[in-house]
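Visitor: Here's a structure for you.
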2 protein chains.
Amino acid sequence: MLMIPGPTSVPEEALLTSAKHPIGHRSSEFSEIMMEVTQNLKWLHQTENDVLMVTGSGTAAMEAAMINFLSSGDRILVGCNGKFGNRWAEVGKIFGLNVETITAPWGKPLDTEIFSQKLQADIDRQIQAVIITHNETSTGVINDLGSINYSVKAHGKALIIVDAVTSLGVVNIPVDAWGLDVVVSASQKGYMVPPGLGFVSVSSKAWKAYEIANLPKYYLDLNKYRQFANQNTTPFTPPINLIMALQASLRMMRKEGLSSIFARHQRLMGAIRAGLKALNLTLFAEDKWASPSVTAFAPSAPSKLSVEEIRTLMSGHFNIILAGGQDHLKSQILRIGHLGFICDRDIITCIAALEVVLSELGWDKFSPGDAISNVSTKLKEKDY
Amino acid sequence: MLMIPGPTSVPEEALLTSAKHPIGHRSSEFSEIMMEVTQNLKWLHQTENDVLMVTGSGTAAMEAAMINFLSSGDRILVGCNGKFGNRWAEVGKIFGLNVETITAPWGKPLDTEIFSQKLQADIDRQIQAVIITHNETSTGVINDLGSINYSVKAHGKALIIVDAVTSLGVVNIPVDAWGLDVVVSASQKGYMVPPGLGFVSVSSKAWKAYEIANLPKYYLDLNKYRQFANQNTTPFTPPINLIMALQASLRMMRKEGLSSIFARHQRLMGAIRAGLKALNLTLFAEDKWASPSVTAFAPSAPSKLSVEEIRTLMSGHFNIILAGGQDHLKSQILRIGHLGFICDRDIITCIAALEVVLSELGWDKFSPGDAISNVSTKLKEKDY
C-alpha cells in the first residue's frame, strides 16, 4: 500500500489497460486514443491551450517548460521553499538563465509580497518568467499561486510557469481563467498512472515567447509535440501502454468530476491532519498552507522517536509505505502522500496502523482511539 | 499482430509484469530490480561499461549520447543513409556541432572507405566523434559497423557513437571487444518491452570526454544517471512498470542466450526474404547488407500495385500490421519488422497472408505455394 507522494496508487482498470499489447503509434487506433486523451487533458487543465505529452519523468517536463520559452541570460524569478523549487533554479542556472531565487524556509510558503515588490520594481520589464512550485512535495506546503499570479499579470510581460506536478488533479488550477502560461505535471501523481509521462500546457503568450527563445533543444522541443499532436500523434515513439492507462484514468476522473475530485482531496487532507494531531505528532506545515496532496510530520519534541523506525514498522507490519524527508530533512520528517487514487479507507487504515506502530515504539502521548474518532468525524464532513 | 519495426510484440510475461502495482523507486525492492536489470543490460551489451536507463523514447537516448560527450563546434562525422542517420545530423546541428555527413542513397549501406579516408586525412585529430546508425530502420539496411569502427580505432581520438536501436539484441554487438564508446538503444525493439525507456552504454573514454563537454544538460545529464545507478536507483522517477517488464524480458533473453538470439534473427531474416522473393516482390536492400530486424520491399515494376492497398488488406483481413515507408519512401515501400519476440510461426503467417492479399489484388506473377515452401525450407535451416 503506497502512501507516498508518487508514484501513487493506480486503479486496477488503468493497470490492466496498460498490460494490453502495444499498438502501432502511427495507427488510426492510436490516433483515436490521442484525440480523446488530449481532449480530457484540456478538460483537466480547464484550458483551450495545448496540453502536450512528453515521454519522460516530471523533470523532463520541467526542463521542457523552461528551455522552450527562455533564452540564455533571461532574468527569471524562481520561488524556492523546498527541493523542487531548488531544482527549477538549478535547471535555470545550467541553461544560462539569470536566476533570481525568492526563498522561504522549508515548511513555510513563499511570501507573495516579495514577488509583488520585485515585479513592480521591474520597470523595464526585464523579468521574462516567474516560476512557482505550486505544491512543494518535499515539505507538504502549498504556495499561494493565485496571489503570485496576480502580481505576474500586473507585470504584464513575464510568463508564469507553474510546477503543478503534485497539485494538478488535486486542487483547482483554472489554467485559462488565471492565464497560466506553462503548467507542468506528471503521470504518477494526481493522474493515477504509472510514471513515465510528463505534461506541459502552453498558452499562446508562451508560444510567442517560443518564437524568440534561443536555447538549443531537440527531444524536448515542444513545437514538434504541438505539430504532431495536431495530427493526433507524437513526434517520437510514445509510451503507448502508459497512454492507454491514462485514457482509462482520465475517464474515471471525468466521471468523478473536477469539483468532486478537489473536494475529496480537501476532506481527506483534513481527516489525516486531524488523525496525526490526535496522535500528538507535529505537523510540519501549518493548516493555513497545508498541502492537499502530501502531509509531513514528525514526533513532537522532546520525543526521541526515530522517524525511520516508524517508517520501518509501518512497512514491516502493515506493508504501508510512507516517504521519508528529502535532503536536509532526511530522518527528520515522514511524509504521507494522499493524492490521486485515494479514498476514506486509505486514510483510516493509515492512521490506525500509525497508532499501533507508535504504541509499539512506546509513544504514549495520546489517548488511544482519539485519532480514529477524529478522522472519522472529519471523514463524515460533507465534501466542500 | 504487429510486424512493424517497433513497437514490437511483447511477451505475455513482460506485459503482465508491467501491470503490477507500481512500487516506490526509493525502496530496497526497486533497488534489487535495478541491480539485476543493470547486470543483465551489461550482459546484453557484452560490456563492463556503464549501461544507463533514461526515461524517454529512443530519441532521448540519442540526444543524451551526443550532448554528454561533445562541445559546440566539435567536428563530427555522421553516417546518413536513411531517416535515422539524418536525425543524428539534425540533432548535432541544433546543438551547434560541426556536422559532416557521409551519405549513401537510401537502401544502400554507408561506404566504409569514405570513413577510412576522412579519418586518415584528419592528421590534427579534430574529429571528435563518428556516429553510425547501425541498422537503418527506415530502409532495412545494416551498416558495416565493424569496418567503420576499425577506422575509428586507427584514428585513436574520435569516439564511436552507435545507434543500435534496432540492432541491439538482434545481431552481435560486442561493445567491449570492439571498443564501442557510446551505444544507444530503446525498449520497444529487441528488448521486447513497451516503449518509454532508452539505454546508453558509456565507455571510460567517453566519460573522459564528458569531463570537457560543454553543452548544457540537466534531464539528460548521464553523469547523474551513473551516480544514482551506482546506488541502484535513478536520479528522477523512473518508469517503474516498464522496468519491471524489462526485468522479465531480460530474463527470457538470458535463458535463450545471445548466440541463439542472433542466430534466430538471421534465420528468420533468410526465411522472410525467401518468401518475398518467391512472391516476386522486390527487396529494397540487397542480401549482402540486409537487415536482420526489418525488411523493406515493393511490388516489382512494372506492377502498379499500391503498397498502401497491400497494407490495408493485410490489416483488414488478417489484423497483421506492416509499416509503410518513411519520408520520400512513403507509399513506395512496405516494411516488415522481424525483431524481438518473433518466431517461425510469425514469419510463415505473414508470408501466407501476404500471398492471399496479393492474389486478391490480382498480382499473379508468382507460383502459388512457392513462397510458403521456400520459407519452410529456410526455417528448417539450422540456426547459424
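For the C-alpha cells, the naming scheme is as follows: chains receive sequential letters (A, B, ...) according to their order of presentation, residues are indexed from 1 within each chain, and ligands are indexed from 1 in presentation order.
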Write out as number ranges by chain each polymer residue whose atoms come within 8 Å of stretch 71-88 of chain B, counting only C-alpha atoms; drop sequence neighbours fewer than 6 positions from it.
Guide: B: 62, 95-110, 126-133, 136-139, 212-215, 326-327
Visitor: Show which residues sit within 12 Å of B:Val307, as a list of chain:residue names. Count only C-alpha atoms, and ignore same-chain residues fewer than 3 positions away.
Guide: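 Surrounding residues, per the criterion: B:Leu281, B:Thr282, B:Ala296, B:Phe297, B:Ala298, B:Pro299, B:Ser300, B:Ser303, B:Lys304, B:Ile310, B:Arg311, B:Thr312, B:Leu313, B:Met314, B:Leu322, B:Ala323, B:Gly324, B:Gly325, B:Leu329, B:Lys330, B:Ser331, B:Gln332, B:Ile333, B:Leu334, B:Arg335, B:Leu354, B:Val357, B:Leu358, B:Leu361.
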Visitor: Mind listing the strand (DSSP E or B) residues of stretch 53-247 of chain B, per DSSP on the backbone, as a PyMOL selection string?
Guide: chain B and resi 53-55+75-80+98-103+127-133+135-136+141-142+159-163+168+171+182-186+197-202
Visitor: One number please: atom CA of B:Thr166 to atom CA of A:Thr55, in Å, one decimal.
Guide: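 Distance reported for this atom pair: 19.3 Å.
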Visitor: I'd like to know which of B:Asp344, B:Glu113, B:Glu360, B:Asp370 is closest to B:Asn149, using only C-alpha atoms.
Guide: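 The shortest atom-to-atom distance to B:Asn149 comes from B:Glu113.
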Visitor: Find the spatial neighbours of A:Ser167, counting only C-alpha atoms, within a cut-off of 12 Å - ignore same-chain residues fewer than 4 positions away - and output them as a VMD selection string.
Guide: chain A and resid 5 to 6 44 to 45 132 to 137 140 to 145 162 to 163 171 to 174 183 to 191 261 to 262 265 to 266 291 to 294 337 to 340
Visitor: Just need the residues of chain B within 7 Å of chain A, counting only C-alpha atoms, so spit them out as a PyMOL selection string.
Guide: chain B and resi 7+10+15-16+18-19+21-22+24+55-57+59-60+63+91+94-95+194-196+216-219+236-241
Visitor: Near A:Gln227, within 12 Å and counting only C-alpha atoms, which residues show up once chain neighbours fewer than 5 positions away are dropped, as a list in words?
Guide: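 Near A:Gln227, the qualifying residues are Asp50, Val51, Leu52, Asp221, Leu222, Asn232, Thr233, Thr234, Pro235 and Phe236 of chain A.
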Visitor: Output the selection as a PDB file, in the first residue's frame - all heavy atoms for each residue.
Guide:
ATOM      1  N   ASP A  50      -2.778  24.314 -25.700  1.00  0.00           N
ATOM      2  CA  ASP A  50      -2.216  22.997 -25.989  1.00  0.00           C
ATOM      3  C   ASP A  50      -1.808  22.336 -24.677  1.00  0.00           C
ATOM      4  O   ASP A  50      -1.237  22.981 -23.797  1.00  0.00           O
ATOM      5  CB  ASP A  50      -0.957  23.141 -26.863  1.00  0.00           C
ATOM      6  CG  ASP A  50      -1.290  23.685 -28.241  1.00  0.00           C
ATOM      7  OD1 ASP A  50      -2.117  23.066 -28.922  1.00  0.00           O
ATOM      8  OD2 ASP A  50      -0.733  24.736 -28.627  1.00  0.00           O
ATOM      9  N   VAL A  51      -2.116  21.051 -24.550  1.00  0.00           N
ATOM     10  CA  VAL A  51      -1.563  20.270 -23.439  1.00  0.00           C
ATOM     11  C   VAL A  51      -0.807  19.110 -24.078  1.00  0.00           C
ATOM     12  O   VAL A  51      -1.408  18.242 -24.717  1.00  0.00           O
ATOM     13  CB  VAL A  51      -2.643  19.746 -22.480  1.00  0.00           C
ATOM     14  CG1 VAL A  51      -1.986  19.036 -21.295  1.00  0.00           C
ATOM     15  CG2 VAL A  51      -3.526  20.890 -21.972  1.00  0.00           C
ATOM     16  N   LEU A  52       0.504  19.134 -23.936  1.00  0.00           N
ATOM     17  CA  LEU A  52       1.363  18.201 -24.664  1.00  0.00           C
ATOM     18  C   LEU A  52       1.918  17.131 -23.735  1.00  0.00           C
ATOM     19  O   LEU A  52       2.156  17.382 -22.549  1.00  0.00           O
ATOM     20  CB  LEU A  52       2.503  18.984 -25.318  1.00  0.00           C
ATOM     21  CG  LEU A  52       2.016  20.157 -26.201  1.00  0.00           C
ATOM     22  CD1 LEU A  52       3.178  21.054 -26.599  1.00  0.00           C
ATOM     23  CD2 LEU A  52       1.261  19.645 -27.406  1.00  0.00           C
ATOM     24  N   ASP A 221      11.830  19.721 -27.698  1.00  0.00           N
ATOM     25  CA  ASP A 221      11.297  20.854 -28.465  1.00  0.00           C
ATOM     26  C   ASP A 221       9.773  20.716 -28.557  1.00  0.00           C
ATOM     27  O   ASP A 221       9.250  19.887 -29.303  1.00  0.00           O
ATOM     28  CB  ASP A 221      11.928  20.845 -29.861  1.00  0.00           C
ATOM     29  CG  ASP A 221      11.479  22.029 -30.704  1.00  0.00           C
ATOM     30  OD1 ASP A 221      10.478  22.679 -30.345  1.00  0.00           O
ATOM     31  OD2 ASP A 221      12.132  22.298 -31.729  1.00  0.00           O
ATOM     32  N   LEU A 222       9.070  21.524 -27.791  1.00  0.00           N
ATOM     33  CA  LEU A 222       7.618  21.339 -27.677  1.00  0.00           C
ATOM     34  C   LEU A 222       6.865  21.664 -28.964  1.00  0.00           C
ATOM     35  O   LEU A 222       5.739  21.199 -29.153  1.00  0.00           O
ATOM     36  CB  LEU A 222       7.069  22.177 -26.509  1.00  0.00           C
ATOM     37  CG  LEU A 222       7.505  21.694 -25.118  1.00  0.00           C
ATOM     38  CD1 LEU A 222       6.960  22.634 -24.046  1.00  0.00           C
ATOM     39  CD2 LEU A 222       7.024  20.264 -24.842  1.00  0.00           C
ATOM     40  N   ASN A 232      -2.928  14.234 -34.080  1.00  0.00           N
ATOM     41  CA  ASN A 232      -3.228  13.139 -33.144  1.00  0.00           C
ATOM     42  C   ASN A 232      -2.147  12.066 -33.086  1.00  0.00           C
ATOM     43  O   ASN A 232      -2.437  10.870 -33.010  1.00  0.00           O
ATOM     44  CB  ASN A 232      -4.582  12.505 -33.469  1.00  0.00           C
ATOM     45  CG  ASN A 232      -5.706  13.475 -33.198  1.00  0.00           C
ATOM     46  OD1 ASN A 232      -5.804  14.012 -32.103  1.00  0.00           O
ATOM     47  ND2 ASN A 232      -6.537  13.716 -34.199  1.00  0.00           N
ATOM     48  N   THR A 233      -0.905  12.520 -33.122  1.00  0.00           N
ATOM     49  CA  THR A 233       0.176  11.560 -32.921  1.00  0.00           C
ATOM     50  C   THR A 233       1.329  12.271 -32.204  1.00  0.00           C
ATOM     51  O   THR A 233       1.135  13.371 -31.668  1.00  0.00           O
ATOM     52  CB  THR A 233       0.602  10.894 -34.247  1.00  0.00           C
ATOM     53  OG1 THR A 233       1.582   9.900 -33.978  1.00  0.00           O
ATOM     54  CG2 THR A 233       1.148  11.902 -35.253  1.00  0.00           C
ATOM     55  N   THR A 234       2.474  11.635 -32.157  1.00  0.00           N
ATOM     56  CA  THR A 234       3.608  12.171 -31.391  1.00  0.00           C
ATOM     57  C   THR A 234       4.846  12.179 -32.292  1.00  0.00           C
ATOM     58  O   THR A 234       4.941  11.373 -33.217  1.00  0.00           O
ATOM     59  CB  THR A 234       3.900  11.282 -30.161  1.00  0.00           C
ATOM     60  OG1 THR A 234       4.096   9.936 -30.617  1.00  0.00           O
ATOM     61  CG2 THR A 234       2.748  11.321 -29.181  1.00  0.00           C
ATOM     62  N   PRO A 235       5.797  13.088 -32.036  1.00  0.00           N
ATOM     63  CA  PRO A 235       6.975  13.154 -32.916  1.00  0.00           C
ATOM     64  C   PRO A 235       7.876  11.930 -32.768  1.00  0.00           C
ATOM     65  O   PRO A 235       8.528  11.523 -33.723  1.00  0.00           O
ATOM     66  CB  PRO A 235       7.694  14.428 -32.461  1.00  0.00           C
ATOM     67  CG  PRO A 235       7.212  14.693 -31.084  1.00  0.00           C
ATOM     68  CD  PRO A 235       5.823  14.146 -31.006  1.00  0.00           C
ATOM     69  N   PHE A 236       7.928  11.383 -31.542  1.00  0.00           N
ATOM     70  CA  PHE A 236       8.780  10.221 -31.282  1.00  0.00           C
ATOM     71  C   PHE A 236       7.893   9.132 -30.682  1.00  0.00           C
ATOM     72  O   PHE A 236       6.798   9.413 -30.210  1.00  0.00           O
ATOM     73  CB  PHE A 236       9.912  10.603 -30.326  1.00  0.00           C
ATOM     74  CG  PHE A 236      10.591  11.890 -30.710  1.00  0.00           C
ATOM     75  CD1 PHE A 236      10.573  12.991 -29.859  1.00  0.00           C
ATOM     76  CD2 PHE A 236      11.225  12.011 -31.941  1.00  0.00           C
ATOM     77  CE1 PHE A 236      11.183  14.189 -30.227  1.00  0.00           C
ATOM     78  CE2 PHE A 236      11.828  13.212 -32.316  1.00  0.00           C
ATOM     79  CZ  PHE A 236      11.809  14.302 -31.463  1.00  0.00           C
TER      80      PHE A 236
END
Visitor: Find the residues near B:Leu268: any atom within 10 Å, counting only C-alpha atoms, skip ones fewer than 2 places away on the same chain, and give them as a ChimeraX atom specification.
Guide: /B:263-266,270-274,292-293,338-339,342-344,346-348,375,378-379,381,383
Visitor: Since we have the selection now, will you write its residues out, keeping C-alpha atoms, as an mmCIF file, in the first residue's frame?
Guide:
data_model
loop_
_atom_site.group_PDB
_atom_site.id
_atom_site.type_symbol
_atom_site.label_atom_id
_atom_site.label_comp_id
_atom_site.auth_asym_id
_atom_site.auth_seq_id
_atom_site.Cartn_x
_atom_site.Cartn_y
_atom_site.Cartn_z
ATOM 1 C CA ALA B 263 21.060 -16.920 -34.973
ATOM 2 C CA ARG B 264 17.273 -16.843 -34.741
ATOM 3 C CA HIS B 265 17.128 -13.359 -36.225
ATOM 4 C CA GLN B 266 19.452 -14.385 -39.087
ATOM 5 C CA GLY B 270 16.549 -15.520 -44.507
ATOM 6 C CA ALA B 271 13.103 -17.080 -44.411
ATOM 7 C CA ILE B 272 11.178 -13.873 -44.888
ATOM 8 C CA ARG B 273 13.397 -12.776 -47.753
ATOM 9 C CA ALA B 274 12.992 -16.154 -49.454
ATOM 10 C CA PRO B 292 18.112 -8.915 -39.666
ATOM 11 C CA SER B 293 15.444 -6.781 -37.976
ATOM 12 C CA HIS B 338 11.049 -9.139 -37.504
ATOM 13 C CA LEU B 339 12.951 -8.363 -34.363
ATOM 14 C CA ILE B 342 9.407 -13.214 -33.069
ATOM 15 C CA CYS B 343 9.297 -16.866 -34.095
ATOM 16 C CA ASP B 344 8.903 -19.188 -37.080
ATOM 17 C CA ASP B 346 5.113 -15.269 -37.249
ATOM 18 C CA ILE B 347 7.110 -15.490 -40.469
ATOM 19 C CA ILE B 348 5.019 -18.241 -42.051
ATOM 20 C CA VAL B 375 10.048 -20.078 -46.248
ATOM 21 C CA LYS B 378 14.749 -21.677 -44.849
ATOM 22 C CA LEU B 379 13.110 -22.132 -41.475
ATOM 23 C CA GLU B 381 17.986 -24.494 -41.761
ATOM 24 C CA ASP B 383 20.497 -21.626 -36.791
#
Visitor: How would you write, as a list in words, the set of residues in stretch 319-375 of chain A that DSSP gives as alpha helix (DSSP H)?
Guide: Asp344, Arg345, Asp346, Ile347, Ile348, Thr349, Cys350, Ile351, Ala352, Ala353, Leu354, Glu355, Val356, Val357, Leu358, Ser359, Glu360, Asp370, Ala371, Ile372, Ser373, Asn374 and Val375 of chain A
Visitor: Can you tell me, as number ranges by chain, what residues are no more than 6 Å from B:Val182 when counting only C-alpha atoms, ignoring any on the same chain fewer than 3 positions away?
Guide: B: 161, 201-202
Visitor: Filtering to all heavy atoms, could you give me those residues as an mmCIF file, in the first residue's frame?
Guide:
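Dumped to again_12.cif:
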data_model
loop_
_atom_site.group_PDB
_atom_site.id
_atom_site.type_symbol
_atom_site.label_atom_id
_atom_site.label_comp_id
_atom_site.auth_asym_id
_atom_site.auth_seq_id
_atom_site.Cartn_x
_atom_site.Cartn_y
_atom_site.Cartn_z
ATOM 1 N N ILE B 161 30.159 6.482 -31.714
ATOM 2 C CA ILE B 161 28.823 6.522 -31.116
ATOM 3 C C ILE B 161 27.898 5.730 -32.031
ATOM 4 O O ILE B 161 27.825 6.005 -33.234
ATOM 5 C CB ILE B 161 28.332 7.984 -30.965
ATOM 6 C CG1 ILE B 161 29.284 8.759 -30.042
ATOM 7 C CG2 ILE B 161 26.895 8.023 -30.444
ATOM 8 C CD1 ILE B 161 28.958 10.254 -29.893
ATOM 9 N N SER B 201 25.026 2.987 -23.342
ATOM 10 C CA SER B 201 26.235 2.437 -22.711
ATOM 11 C C SER B 201 27.372 3.423 -22.941
ATOM 12 O O SER B 201 27.455 4.059 -23.992
ATOM 13 C CB SER B 201 26.568 1.055 -23.261
ATOM 14 O OG SER B 201 27.284 1.153 -24.463
ATOM 15 N N VAL B 202 28.209 3.561 -21.938
ATOM 16 C CA VAL B 202 29.243 4.610 -21.947
ATOM 17 C C VAL B 202 30.592 4.029 -21.527
ATOM 18 O O VAL B 202 30.724 3.476 -20.433
ATOM 19 C CB VAL B 202 28.858 5.760 -20.977
ATOM 20 C CG1 VAL B 202 29.884 6.884 -21.045
ATOM 21 C CG2 VAL B 202 27.455 6.290 -21.269
#
